[in-house]
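Asker: upload.tsv is reproduced below (TSV, C-alpha atoms).
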chain	number	residue	atom	x	y	z
H	1171	MET	CA	21.66	7.55	1.15
H	1172	LYS	CA	20.95	6.70	4.77
H	1173	VAL	CA	17.40	5.49	5.37
H	1174	LYS	CA	15.56	7.26	8.18
H	1175	GLU	CA	15.14	5.08	11.26
H	1176	ILE	CA	11.53	4.56	12.37
H	1177	ARG	CA	11.22	5.30	16.11
H	1178	LEU	CA	8.27	3.66	17.84
H	1179	GLY	CA	6.87	3.79	21.37
H	1180	ILE	CA	4.34	1.77	23.35
H	1181	ILE	CA	1.60	3.02	25.67
H	1182	GLY	CA	0.68	0.06	27.85
H	1183	THR	CA	3.72	-2.22	27.86
H	1184	CYS	CA	2.22	-5.55	28.97
H	1185	ARG	CA	-0.12	-8.05	27.29
H	1186	ARG	CA	-0.97	-6.59	23.86
H	1187	GLY	CA	1.85	-4.11	24.38
H	1188	LYS	CA	4.17	-6.94	23.40
H	1189	LEU	CA	3.09	-6.29	19.80
H	1190	GLY	CA	6.00	-3.88	19.91
H	1191	ASP	CA	8.36	-6.86	20.02
H	1192	LEU	CA	7.14	-7.81	16.54
H	1193	ALA	CA	7.92	-4.33	15.21
H	1194	HIS	CA	11.38	-4.02	16.79
H	1195	LYS	CA	13.72	-4.85	13.90
H	1196	PRO	CA	16.79	-2.58	14.10
H	1197	GLU	CA	18.32	-4.43	11.16
H	1198	ASN	CA	15.42	-3.09	9.07
H	1199	GLY	CA	15.58	0.41	10.51
H	1200	VAL	CA	12.62	0.00	12.90
H	1201	ARG	CA	13.22	0.36	16.62
H	1202	ILE	CA	11.18	0.43	19.82
H	1203	VAL	CA	12.77	3.27	21.75
H	1204	ALA	CA	10.41	3.90	24.67
H	1205	GLY	CA	7.39	2.73	26.60
H	1206	ALA	CA	4.91	4.27	29.00
H	1207	ASP	CA	2.98	2.47	31.71
H	1208	SER	CA	1.23	3.57	34.90
H	1209	SER	CA	2.54	0.42	36.62
H	1210	GLU	CA	6.14	0.83	37.78
H	1211	GLU	CA	6.50	-2.96	37.97
H	1212	LEU	CA	5.37	-3.50	34.38
H	1213	LEU	CA	7.45	-0.60	33.13
H	1214	GLN	CA	10.58	-2.00	34.76
H	1215	SER	CA	9.81	-5.42	33.31
H	1216	PHE	CA	9.54	-3.85	29.85
H	1217	ILE	CA	12.92	-2.09	30.22
H	1218	GLU	CA	14.63	-5.24	31.47
H	1219	ARG	CA	13.12	-7.40	28.76
H	1220	TYR	CA	14.44	-5.21	25.95
H	1221	SER	CA	17.83	-5.08	27.59
H	1222	GLU	CA	18.08	-8.85	28.09
H	1223	GLU	CA	16.32	-10.15	24.97
H	1224	TYR	CA	17.24	-7.50	22.42
H	1225	ASN	CA	20.35	-5.89	23.91
H	1226	THR	CA	18.56	-2.57	23.47
H	1227	LYS	CA	18.17	0.37	25.83
H	1228	VAL	CA	14.61	1.69	25.94
H	1229	ASN	CA	13.37	4.64	27.97
H	1230	GLY	CA	10.49	4.24	30.39
H	1231	TYR	CA	7.84	6.79	31.36
H	1232	SER	CA	5.06	6.74	33.91
H	1233	ASP	CA	3.27	9.47	31.92
H	1234	TYR	CA	2.71	8.79	28.23
H	1235	ARG	CA	2.45	12.54	27.53
H	1236	GLU	CA	6.06	12.97	28.61
H	1237	MET	CA	7.11	10.17	26.28
H	1238	LEU	CA	5.31	11.79	23.35
H	1239	GLU	CA	6.90	15.13	24.16
H	1240	LYS	CA	10.49	13.91	24.55
H	1241	GLU	CA	10.99	10.98	22.23
H	1242	ARG	CA	10.33	12.36	18.71
H	1243	LEU	CA	8.35	9.24	17.81
H	1244	ASP	CA	7.21	8.31	14.32
H	1245	GLY	CA	4.54	5.99	15.67
H	1246	VAL	CA	3.08	4.59	18.87
H	1247	PHE	CA	1.23	1.41	19.86
H	1248	ILE	CA	-1.74	2.14	22.16
H	1249	THR	CA	-2.57	-1.13	23.90
H	1250	THR	CA	-4.08	0.10	27.17
H	1251	PRO	CA	-7.56	-0.76	28.53
H	1252	ASP	CA	-10.40	0.32	26.24
H	1253	PHE	CA	-11.51	3.28	28.33
H	1254	CYS	CA	-8.07	4.89	27.89
H	1255	HIS	CA	-8.03	4.70	24.09
H	1256	GLU	CA	-9.83	7.94	23.28
H	1257	GLU	CA	-7.71	10.27	25.41
H	1258	GLN	CA	-4.41	8.67	24.48
H	1259	ALA	CA	-5.18	8.51	20.75
H	1260	LEU	CA	-6.24	12.15	20.70
H	1261	THR	CA	-3.02	13.21	22.42
H	1262	ALA	CA	-0.78	11.19	20.08
H	1263	LEU	CA	-2.62	12.28	16.94
H	1264	GLY	CA	-2.40	15.89	18.10
H	1265	ALA	CA	1.37	15.44	18.44
H	1266	ASP	CA	1.55	14.24	14.80
H	1267	VAL	CA	2.51	10.71	15.83
H	1268	ALA	CA	1.12	7.80	13.80
H	1269	VAL	CA	-1.16	5.70	16.01
H	1270	TYR	CA	-1.66	1.94	16.18
H	1271	LEU	CA	-4.85	1.78	18.23
H	1272	GLU	CA	-5.82	-1.62	19.61
H	1273	LYS	CA	-9.46	-2.51	19.06
H	1274	PRO	CA	-12.02	-1.45	20.06
H	1275	MET	CA	-11.38	2.07	18.83
H	1276	ALA	CA	-13.19	3.51	21.87
H	1277	THR	CA	-16.06	2.52	24.14
H	1278	THR	CA	-18.56	5.05	22.77
H	1279	ILE	CA	-19.62	6.25	19.34
H	1280	GLU	CA	-18.82	9.81	20.39
H	1281	GLY	CA	-15.32	8.73	21.39
H	1282	CYS	CA	-14.73	7.06	18.03
H	1283	ASP	CA	-15.99	10.10	16.14
H	1284	HIS	CA	-13.77	12.39	18.21
H	1285	ILE	CA	-10.75	10.29	17.23
H	1286	LEU	CA	-11.76	10.30	13.56
H	1287	ASN	CA	-12.25	14.06	13.52
H	1288	THR	CA	-8.91	14.69	15.22
H	1289	ALA	CA	-7.02	12.43	12.80
H	1290	TYR	CA	-8.77	14.21	9.92
H	1291	GLU	CA	-8.06	17.70	11.19
H	1292	CYS	CA	-4.42	16.97	12.13
H	1293	ARG	CA	-3.76	14.76	9.09
H	1294	SER	CA	-2.12	12.28	11.46
H	1295	LYS	CA	-2.01	8.59	10.56
H	1296	LEU	CA	-4.54	6.34	12.32
H	1297	PHE	CA	-4.31	2.53	12.17
H	1298	LEU	CA	-6.72	0.15	13.94
H	1299	GLY	CA	-5.62	-3.16	15.43
H	1300	HIS	CA	-8.31	-5.48	14.06
H	1301	ASN	CA	-6.00	-8.47	13.64
H	1302	MET	CA	-8.78	-10.85	12.58
H	1303	ARG	CA	-8.58	-9.32	9.11
H	1304	HIS	CA	-5.22	-11.08	8.91
H	1305	PHE	CA	-6.51	-14.52	10.01
H	1306	PRO	CA	-6.01	-17.03	7.15
H	1307	THR	CA	-9.49	-18.44	7.79
H	1308	ILE	CA	-11.14	-15.05	7.42
H	1309	ILE	CA	-9.07	-14.17	4.35
H	1310	LYS	CA	-10.05	-17.49	2.72
H	1311	MET	CA	-13.75	-16.90	3.37
H	1312	LYS	CA	-13.42	-13.38	1.95
H	1313	GLU	CA	-11.73	-14.78	-1.16
H	1314	LEU	CA	-14.44	-17.39	-1.67
H	1315	ILE	CA	-17.34	-14.97	-1.16
H	1316	ASP	CA	-15.79	-12.45	-3.56
H	1317	SER	CA	-15.33	-15.22	-6.14
H	1318	GLY	CA	-19.11	-15.67	-6.31
H	1319	ILE	CA	-19.00	-19.39	-5.54
H	1320	ILE	CA	-22.00	-19.12	-3.18
H	1321	GLY	CA	-23.70	-16.32	-5.11
H	1322	ASP	CA	-25.02	-13.15	-3.49
H	1323	VAL	CA	-24.83	-13.51	0.28
H	1324	GLN	CA	-28.13	-12.70	1.97
H	1325	ALA	CA	-27.83	-14.30	5.42
H	1326	VAL	CA	-24.97	-14.52	7.91
H	1327	TRP	CA	-24.81	-16.27	11.28
H	1328	CYS	CA	-21.90	-16.01	13.71
H	1329	ARG	CA	-21.68	-18.04	16.92
H	1330	HIS	CA	-18.91	-17.09	19.32
H	1331	PHE	CA	-18.12	-19.55	22.13
H	1332	ILE	CA	-15.96	-17.87	24.82
H	1333	GLY	CA	-14.96	-20.49	27.35
H	1334	TYR	CA	-12.40	-18.13	28.89
H	1335	GLY	CA	-14.97	-15.40	29.53
H	1336	GLY	CA	-14.76	-15.75	33.30
H	1337	ASP	CA	-10.97	-15.51	33.26
H	1338	ALA	CA	-10.81	-12.56	30.90
H	1339	TYR	CA	-13.85	-10.36	31.44
H	1340	PHE	CA	-15.56	-10.82	34.78
H	1341	LYS	CA	-12.67	-10.30	37.20
H	1342	ASP	CA	-11.60	-6.75	36.35
H	1343	TRP	CA	-12.71	-3.53	34.62
H	1344	HIS	CA	-14.33	-5.36	31.69
H	1345	SER	CA	-17.25	-6.30	33.96
H	1346	GLU	CA	-18.44	-2.69	34.39
H	1347	ARG	CA	-20.38	-0.68	31.83
H	1348	LYS	CA	-18.70	2.56	32.84
H	1349	TYR	CA	-15.37	1.17	31.63
H	1350	SER	CA	-16.32	-1.15	28.77
H	1351	THR	CA	-19.92	-0.23	27.73
H	1352	GLY	CA	-20.33	-3.99	27.25
H	1353	LEU	CA	-18.75	-7.05	25.69
H	1354	LEU	CA	-20.37	-6.48	22.31
H	1355	VAL	CA	-17.91	-3.58	22.12
H	1356	HIS	CA	-14.78	-5.12	23.61
H	1357	LYS	CA	-15.14	-8.62	22.17
H	1358	GLY	CA	-17.87	-8.31	19.55
H	1359	ALA	CA	-16.09	-5.56	17.61
H	1360	HIS	CA	-13.91	-8.27	16.02
H	1361	ASP	CA	-16.79	-10.32	14.66
H	1362	ILE	CA	-18.99	-7.39	13.71
H	1363	ASP	CA	-16.13	-6.02	11.63
H	1364	VAL	CA	-15.56	-9.41	9.97
H	1365	ILE	CA	-19.25	-9.64	9.05
H	1366	HIS	CA	-19.18	-6.11	7.60
H	1367	TRP	CA	-15.97	-6.81	5.65
H	1368	LEU	CA	-17.02	-10.11	4.15
H	1369	LEU	CA	-20.46	-8.78	3.24
H	1370	GLY	CA	-19.09	-5.53	1.84
H	1371	SER	CA	-21.70	-3.55	3.76
H	1372	TYR	CA	-22.25	-1.86	7.11
H	1373	THR	CA	-25.13	-2.32	9.54
H	1374	SER	CA	-27.90	0.28	9.38
H	1375	ARG	CA	-30.19	-1.01	12.17
H	1376	VAL	CA	-29.67	-3.39	15.07
H	1377	VAL	CA	-31.77	-5.24	17.64
H	1378	GLY	CA	-30.15	-6.69	20.75
H	1379	MET	CA	-31.05	-9.11	23.50
H	1380	GLY	CA	-28.88	-10.31	26.39
H	1381	ARG	CA	-28.60	-10.95	30.13
H	1382	LEU	CA	-26.19	-11.22	33.00
H	1383	SER	CA	-27.29	-14.75	33.74
H	1384	VAL	CA	-24.44	-16.77	35.28
H	1385	TYR	CA	-21.47	-14.80	36.63
H	1386	ASP	CA	-23.62	-12.60	38.84
H	1387	LYS	CA	-24.23	-15.76	40.90
H	1388	SER	CA	-20.52	-16.60	41.25
H	1389	PRO	CA	-18.55	-15.84	44.44
H	1390	ARG	CA	-17.13	-12.30	44.52
H	1391	ARG	CA	-13.75	-11.13	45.74
H	1392	GLU	CA	-13.54	-8.50	48.46
H	1393	LEU	CA	-12.99	-4.87	47.51
H	1394	ASP	CA	-9.43	-4.88	48.86
H	1395	GLU	CA	-8.62	-8.34	47.47
H	1396	PRO	CA	-6.37	-8.35	44.36
H	1397	ALA	CA	-8.00	-9.83	41.29
H	1398	ASP	CA	-6.74	-13.26	40.21
H	1399	LEU	CA	-6.26	-12.68	36.48
H	1400	SER	CA	-4.82	-16.11	35.74
H	1401	TRP	CA	-6.30	-18.29	33.01
H	1402	GLY	CA	-6.69	-22.05	33.20
H	1403	LEU	CA	-8.73	-24.94	31.84
H	1404	ASP	CA	-9.28	-26.03	35.44
H	1405	HIS	CA	-11.24	-22.83	36.12
H	1406	TRP	CA	-14.47	-24.74	35.72
H	1407	PRO	CA	-17.42	-24.71	36.17
H	1408	PRO	CA	-18.19	-20.96	35.92
H	1409	HIS	CA	-19.21	-20.67	39.57
H	1410	ALA	CA	-15.87	-22.08	40.74
H	1411	GLN	CA	-14.12	-18.69	40.39
H	1412	ARG	CA	-14.13	-15.52	42.45
H	1413	MET	CA	-15.35	-12.69	40.29
H	1414	SER	CA	-15.27	-8.90	40.41
H	1415	PRO	CA	-17.31	-7.27	43.19
H	1416	PHE	CA	-18.79	-4.95	40.55
H	1417	MET	CA	-20.57	-6.40	37.57
H	1418	ASP	CA	-23.27	-5.00	35.28
H	1419	VAL	CA	-22.40	-6.23	31.78
H	1420	GLU	CA	-24.17	-9.14	30.14
H	1421	ASP	CA	-22.49	-12.56	29.97
H	1422	HIS	CA	-24.39	-13.60	26.86
H	1423	ASN	CA	-25.35	-11.29	24.01
H	1424	MET	CA	-27.40	-11.64	20.82
H	1425	LEU	CA	-27.70	-9.27	17.88
H	1426	MET	CA	-29.78	-9.07	14.73
H	1427	MET	CA	-28.33	-6.74	12.12
H	1428	GLN	CA	-29.92	-5.19	9.05
H	1429	MET	CA	-27.27	-4.32	6.47
H	1430	GLU	CA	-27.29	-1.33	4.16
H	1431	ASN	CA	-27.14	-3.66	1.14
H	1432	GLY	CA	-30.24	-5.60	2.23
H	1433	ALA	CA	-28.50	-8.65	3.71
H	1434	GLN	CA	-29.19	-9.63	7.30
H	1435	ALA	CA	-26.93	-11.09	9.98
H	1436	SER	CA	-27.07	-12.48	13.49
H	1437	TYR	CA	-24.27	-12.55	16.04
H	1438	VAL	CA	-24.33	-14.39	19.36
H	1439	GLN	CA	-21.63	-14.64	22.03
H	1440	CYS	CA	-21.59	-16.56	25.31
H	1441	HIS	CA	-18.92	-16.16	28.00
H	1442	TYR	CA	-19.49	-19.35	30.00
H	1443	THR	CA	-19.26	-22.12	27.40
H	1444	PRO	CA	-16.95	-25.10	28.08
H	1445	ASP	CA	-15.14	-24.59	24.75
H	1446	SER	CA	-13.92	-21.66	22.68
H	1447	GLY	CA	-14.08	-20.67	19.03
H	1448	ARG	CA	-15.91	-18.77	16.34
H	1449	ASN	CA	-18.18	-20.28	13.71
H	1450	TYR	CA	-19.33	-18.18	10.76
H	1451	THR	CA	-21.97	-19.27	8.24
H	1452	PHE	CA	-22.54	-17.28	5.04
H	1453	ILE	CA	-25.54	-18.27	2.88
H	1454	GLY	CA	-25.92	-16.98	-0.65
H	1455	THR	CA	-28.09	-17.54	-3.72
H	1456	LYS	CA	-25.88	-20.44	-4.93
H	1457	GLY	CA	-24.75	-22.11	-1.70
H	1458	ARG	CA	-23.20	-21.59	1.70
H	1459	LEU	CA	-19.82	-21.73	3.39
H	1460	GLU	CA	-18.79	-22.24	6.98
H	1461	ASN	CA	-15.55	-22.29	8.96
H	1462	PHE	CA	-14.52	-24.93	11.48
H	1463	GLY	CA	-11.75	-23.41	13.59
H	1464	ASP	CA	-10.77	-19.76	13.30
H	1465	ALA	CA	-7.00	-19.93	13.81
H	1466	GLY	CA	-4.35	-22.60	13.50
H	1467	ASP	CA	-5.45	-25.78	11.75
H	1468	ALA	CA	-8.88	-24.90	10.38
H	1469	GLU	CA	-11.24	-25.72	7.55
H	1470	VAL	CA	-13.58	-23.75	5.35
H	1471	ARG	CA	-16.33	-25.94	3.92
H	1472	VAL	CA	-18.49	-25.01	0.94
H	1473	TRP	CA	-21.85	-26.45	-0.12
H	1474	THR	CA	-22.93	-25.72	-3.72
H	1475	THR	CA	-25.36	-28.56	-4.53
H	1476	ARG	CA	-28.74	-29.34	-3.03
H	1477	LYS	CA	-28.97	-32.26	-0.60
H	1478	ALA	CA	-31.83	-34.08	1.08
H	1479	GLU	CA	-30.33	-33.33	4.51
H	1480	MET	CA	-27.26	-31.86	6.11
H	1481	GLY	CA	-24.17	-33.72	4.95
H	1482	ALA	CA	-20.62	-33.52	3.72
H	1483	SER	CA	-19.53	-30.35	1.99
H	1484	ASP	CA	-18.90	-30.25	-1.75
H	1485	ILE	CA	-15.51	-28.58	-1.27
H	1486	THR	CA	-13.28	-28.43	1.80
H	1487	TYR	CA	-10.32	-26.09	2.12
H	1488	ARG	CA	-7.82	-27.10	4.79
H	1489	LEU	CA	-5.68	-24.33	6.23
H	1490	GLU	CA	-2.38	-25.04	7.94
H	1491	ALA	CA	-1.36	-23.49	11.23
H	1492	ARG	CA	1.17	-20.68	11.05
H	1493	GLU	CA	3.75	-19.73	13.64
H	1494	GLY	CA	3.24	-16.74	15.88
H	1495	SER	CA	0.51	-15.29	18.07
H	1496	HIS	CA	-3.04	-15.43	16.72
H	1497	GLY	CA	-1.90	-17.77	13.98
H	1498	GLY	CA	0.67	-15.32	12.62
H	1499	ALA	CA	-1.90	-12.53	12.29
H	1500	ASP	CA	-0.18	-10.33	14.86
H	1501	GLN	CA	3.07	-10.23	12.89
H	1502	ASP	CA	1.15	-9.43	9.71
H	1503	ILE	CA	-0.78	-6.56	11.23
H	1504	VAL	CA	2.32	-5.08	12.87
H	1505	ASP	CA	4.18	-5.25	9.56
H	1506	SER	CA	1.20	-3.50	7.94
H	1507	PHE	CA	1.36	-0.70	10.53
H	1508	VAL	CA	5.10	-0.21	10.03
H	1509	SER	CA	4.56	-0.06	6.26
H	1510	PHE	CA	1.82	2.53	6.82
H	1511	VAL	CA	4.11	4.64	9.02
H	1512	LYS	CA	6.75	4.54	6.28
H	1513	GLY	CA	4.18	5.68	3.71
H	1514	GLU	CA	4.50	2.47	1.69
H	1515	SER	CA	0.90	1.20	1.98
H	1516	VAL	CA	-2.57	1.89	3.33
H	1517	PRO	CA	-4.20	-0.17	6.10
H	1518	MET	CA	-6.38	-3.18	5.36
H	1519	ILE	CA	-9.03	-1.78	7.71
H	1520	SER	CA	-10.37	1.74	7.47
H	1521	PRO	CA	-10.90	3.59	10.76
H	1522	VAL	CA	-14.46	4.09	9.50
H	1523	ALA	CA	-14.96	0.31	9.60
H	1524	ALA	CA	-13.55	0.16	13.14
H	1525	ARG	CA	-15.91	2.95	14.21
H	1526	ASN	CA	-18.90	1.19	12.68
H	1527	ALA	CA	-18.06	-2.05	14.49
H	1528	VAL	CA	-18.09	-0.17	17.80
H	1529	ALA	CA	-21.29	1.65	16.82
H	1530	VAL	CA	-23.13	-1.65	16.27
H	1531	GLY	CA	-21.95	-2.96	19.64
H	1532	VAL	CA	-22.94	0.24	21.45
H	1533	MET	CA	-26.38	0.42	19.84
H	1534	GLY	CA	-26.87	-3.33	20.33
H	1535	HIS	CA	-26.35	-2.89	24.06
H	1536	LYS	CA	-28.66	0.13	24.01
H	1537	SER	CA	-31.33	-2.00	22.37
H	1538	MET	CA	-31.05	-4.94	24.77
H	1539	ARG	CA	-31.19	-2.57	27.75
H	1540	ALA	CA	-34.34	-0.95	26.35
H	1541	ASP	CA	-36.58	-4.01	25.85
H	1542	SER	CA	-34.95	-4.85	22.51
H	1543	MET	CA	-36.14	-1.70	20.76
H	1544	PRO	CA	-34.50	-1.40	17.29
H	1545	GLN	CA	-31.70	1.15	17.08
H	1546	GLU	CA	-30.41	3.01	14.03
H	1547	ILE	CA	-26.64	3.32	13.53
H	1548	PRO	CA	-25.68	7.02	13.47
H	1549	PRO	CA	-24.09	7.95	10.11
H	1550	LEU	CA	-20.77	9.71	9.58
H	1551	PRO	CA	-20.26	12.88	7.52
H	1552	SER	CA	-19.36	12.16	3.89
H	1553	ASN	CA	-16.04	14.02	4.07
H	1554	ILE	CA	-14.85	11.81	6.95
H	1555	ILE	CA	-15.88	8.65	5.11
H	1556	GLU	CA	-14.16	9.76	1.91
H	1557	TYR	CA	-10.92	10.74	3.64
H	1558	PHE	CA	-10.46	7.44	5.47
H	1559	GLU	CA	-11.84	5.15	2.77
H	1560	LYS	CA	-9.23	6.62	0.40
H	1561	GLY	CA	-6.48	5.57	2.80
H	1562	GLN	CA	-5.95	8.92	4.55
H	1563	TYR	CA	-4.16	10.35	1.55
H	1564	CYS	CA	-6.76	12.88	0.44
H	1565	GLU	CA	-5.55	16.29	-0.69
H	1566	ASN	CA	-5.56	18.95	2.02
H	1567	ARG	CA	-8.73	20.93	2.09
As structure tokens, how would this structure be written, given the file I've shared?

Answerer:
Amino acid sequence: MKVKEIRLGIIGTCRRGKLGDLAHKPENGVRIVAGADSSEELLQSFIERYSEEYNTKVNGYSDYREMLEKERLDGVFITTPDFCHEEQALTALGADVAVYLEKPMATTIEGCDHILNTAYECRSKLFLGHNMRHFPTIIKMKELIDSGIIGDVQAVWCRHFIGYGGDAYFKDWHSERKYSTGLLVHKGAHDIDVIHWLLGSYTSRVVGMGRLSVYDKSPRRELDEPADLSWGLDHWPPHAQRMSPFMDVEDHNMLMMQMENGAQASYVQCHYTPDSGRNYTFIGTKGRLENFGDAGDAEVRVWTTRKAEMGASDITYRLEAREGSHGGADQDIVDSFVSFVKGESVPMISPVAARNAVAVGVMGHKSMRADSMPQEIPPLPSNIIEYFEKGQYCENR
């Protein structure tokens, strides 16, 4: 019996849109057949790349709605800027096309909930692109915490050093609240989700503090001057670059999070550090663990005996680098999406978890912009939680 070919499209063909390359495996019955992009140059580049590298003809569209209407897609990658996610996801879900939605889910809580409700009502498949759940370092920490080696976790600290912040977030749309809400949403959604996942609990209340403290003093490009979106280690110090003429998001952010299960966590991110990386510390009733490196060659160190002062860990787990982008995590998450489209598995991350990561970022920014007043995380209806936590395979109502 002939196996049905899985036809996939891409909305936003550059940068993260190249995740489609990892799905395109005609020999396995999975094919990228079309892409949509508002940039004619990027769209043409996408068409040429598939022709030259994969000897495959793909169709190009300037309007993603036309692609959804004409191509009879089984699934679509949505990898456009954050402020486009809600509209595009709603349209694809309404067309009964399975959606891979790059994180963050949306830039507002209302946007996330609109997507959840539409996926629920249409019974269309919704998959969120939180690739850090596929990082070997994160998976190892999850395994160790679940084993009970450090007891019941009560305190979590995450420090996020973002040396490329000026290159990535203060030259274009990311620097404006009206497009991004803030960098606790765009960037912090990763780490907030990891904290929730490893703790096995969501945040109920958050307090935020942050400032735009450095990049607002950098030189600005003119309104009609194209943004230089290049990245480079020589883009240093922070004031050596020409930034966006519009800027109202914070360049360092701090959160304190109260979890539903009683544990507490803190998350800090800074966008003008000289180095880059994430460092998580989980402290339980029997010890603590900490990662050194979050992708590639990394270590997870565990302390289980009392010491007079800080010293060597009792156990060290060394993780080897894997091939592929984001330490192989991108291939893993794309394979997971394809399996979900085929009906073979359920996603590692529930859309409810992705929504709650955004909700913490949104309310954290609301707190910091209101003299650090504590903010409660709005709950979801029980039927929505049940449907998605069961893998989107609930019986029809």

Asker: Counting all atoms listed in the file, give me one row per residue of region 1404-1519 of chain H with an atom at most 12 Å from an atom of region 1266-1286 of chain H, showing the shortest contact pair and its distance in Å to one decimal, sorted by chain then residue number, as JSON lines.

Answerer:
{"residue": "H:Asp1500", "atom": "CA", "partner": "H:Glu1272", "partner_atom": "CA", "distance": 11.4}
{"residue": "H:Ile1503", "atom": "CA", "partner": "H:Tyr1270", "partner_atom": "CA", "distance": 9.9}
{"residue": "H:Val1504", "atom": "CA", "partner": "H:Tyr1270", "partner_atom": "CA", "distance": 8.7}
{"residue": "H:Asp1505", "atom": "CA", "partner": "H:Tyr1270", "partner_atom": "CA", "distance": 11.4}
{"residue": "H:Ser1506", "atom": "CA", "partner": "H:Tyr1270", "partner_atom": "CA", "distance": 10.3}
{"residue": "H:Phe1507", "atom": "CA", "partner": "H:Tyr1270", "partner_atom": "CA", "distance": 6.9}
{"residue": "H:Val1508", "atom": "CA", "partner": "H:Tyr1270", "partner_atom": "CA", "distance": 9.4}
{"residue": "H:Ser1509", "atom": "CA", "partner": "H:Ala1268", "partner_atom": "CA", "distance": 11.4}
{"residue": "H:Phe1510", "atom": "CA", "partner": "H:Ala1268", "partner_atom": "CA", "distance": 8.8}
{"residue": "H:Val1511", "atom": "CA", "partner": "H:Ala1268", "partner_atom": "CA", "distance": 6.5}
{"residue": "H:Lys1512", "atom": "CA", "partner": "H:Ala1268", "partner_atom": "CA", "distance": 9.9}
{"residue": "H:Gly1513", "atom": "CA", "partner": "H:Ala1268", "partner_atom": "CA", "distance": 10.8}
{"residue": "H:Pro1517", "atom": "CA", "partner": "H:Tyr1270", "partner_atom": "CA", "distance": 10.6}
{"residue": "H:Ile1519", "atom": "CA", "partner": "H:Lys1273", "partner_atom": "CA", "distance": 11.4}

Asker: Identify which of the residues H:Asn1198, H:Gln1501, H:Ser1383, H:Gln1324 lies closest to Ala1435 (chain H), counting all atoms listed in the file when measuring atom-to-atom distances.

Answerer: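 Closest to Ala1435 (chain H), using all atoms listed in the file: H:Gln1324.
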
Asker: Can you measure CA of Arg1448 (chain H) to CA of Ile1315 (chain H) for me? One decimal in Å is fine.

Answerer: 18.0 Å

Asker: If we count only C-alpha atoms, what is near Asp1418 (chain H) at a cut-off of 8 Å, once residues fewer than 5 positions away on the same chain are taken out, given as a PyMOL selection string?

Answerer: chain H and resi 1345-1347+1382

Asker: Write the residues you've just listed into a file as a compact mmCIF listing (two decimals), in the coordinates of the input, and include C-alpha atoms for each of them.

Answerer:
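So selection-v4.txt came out as:
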# COMPACT_ATOMS: atom_id res chain seq x y z
CA SER H 1345 -17.25 -6.30 33.96
CA GLU H 1346 -18.44 -2.69 34.39
CA ARG H 1347 -20.38 -0.68 31.83
CA LEU H 1382 -26.19 -11.22 33.00

Asker: Show me, as a list in words, the residues that have an atom within 10 Å of Arg1185 (chain H) when counting all atoms listed in the file, minus same-chain residues fewer than 4 positions from it.

Answerer: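 My list of contacting residues is Leu1189, Thr1249 and Thr1250 of chain H.
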
Asker: Suppose you want the space between CA of Arg1492 (chain H) and CA of Gly1463 (chain H); what is it in Å?

Answerer: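 Those two atoms sit 13.4 Å apart.
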
Asker: To one decimal in Å, tell me the separation between CA of Val1377 (chain H) and CA of Ile1362 (chain H).

Answerer: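 Interatomic distance here is 13.5 Å.
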
Asker: Which residues, written as a PyMOL selection string, have at least one atom at most 8 Å from Leu1263 (chain H), with all atoms listed in the file counted and residues fewer than 4 positions away on the same chain left out?

Answerer: chain H and resi 1259+1267-1269+1288-1289+1292+1294-1296

Asker: May I have the residues from that selection written out with C-alpha atoms, as a PDB file, in the frame of the given file?

Answerer:
ATOM      1  CA  ALA H1259      -5.180   8.510  20.750  1.00  0.00           C
ATOM      2  CA  VAL H1267       2.510  10.710  15.830  1.00  0.00           C
ATOM      3  CA  ALA H1268       1.120   7.800  13.800  1.00  0.00           C
ATOM      4  CA  VAL H1269      -1.160   5.700  16.010  1.00  0.00           C
ATOM      5  CA  THR H1288      -8.910  14.690  15.220  1.00  0.00           C
ATOM      6  CA  ALA H1289      -7.020  12.430  12.800  1.00  0.00           C
ATOM      7  CA  CYS H1292      -4.420  16.970  12.130  1.00  0.00           C
ATOM      8  CA  SER H1294      -2.120  12.280  11.460  1.00  0.00           C
ATOM      9  CA  LYS H1295      -2.010   8.590  10.560  1.00  0.00           C
ATOM     10  CA  LEU H1296      -4.540   6.340  12.320  1.00  0.00           C
TER      11      LEU H1296
END

Asker: Can you pull out every residue within 10 Å of Trp1367 (chain H), counting only C-alpha atoms, but drop anything in the same chain fewer than 5 positions away, and send it as a PyMOL selection string?

Answerer: chain H and resi 1303+1308+1312+1361-1362+1372+1519+1523

Asker: Need the shell around Asp1191 (chain H): protein/DNA/RNA residues with any atom at most 12 Å away, counting all atoms listed in the file. Skip same-chain ones fewer than 3 positions apart. Format as a ChimeraX atom specification?

Answerer: /H:1178-1180,1183-1188,1194-1196,1200-1205,1216,1219-1220,1223-1224,1226,1247,1494-1495,1500-1501,1504-1505

Asker: From the set H:Val1364, H:Lys1174, H:Tyr1290, H:Lys1477, which residue has the shortest atom-to-atom contact distance to Pro1551 (chain H), counting all atoms listed in the file?

Answerer: H:Tyr1290

Asker: Taking all atoms listed in the file into account, name the residue in H:Glu1241, H:Gly1370, H:Asp1394, H:Gly1333 that is nearest to Asp1421 (chain H).

Answerer: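 Looking at the shortest contact to Asp1421 (chain H), the residue is H:Gly1333.
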
Asker: Looking at H:Glu1236, H:Glu1493, H:Asp1244, H:Asp1363, which one is nearest to Val1528 (chain H), with distances taken over all atoms listed in the file?

Answerer: H:Asp1363
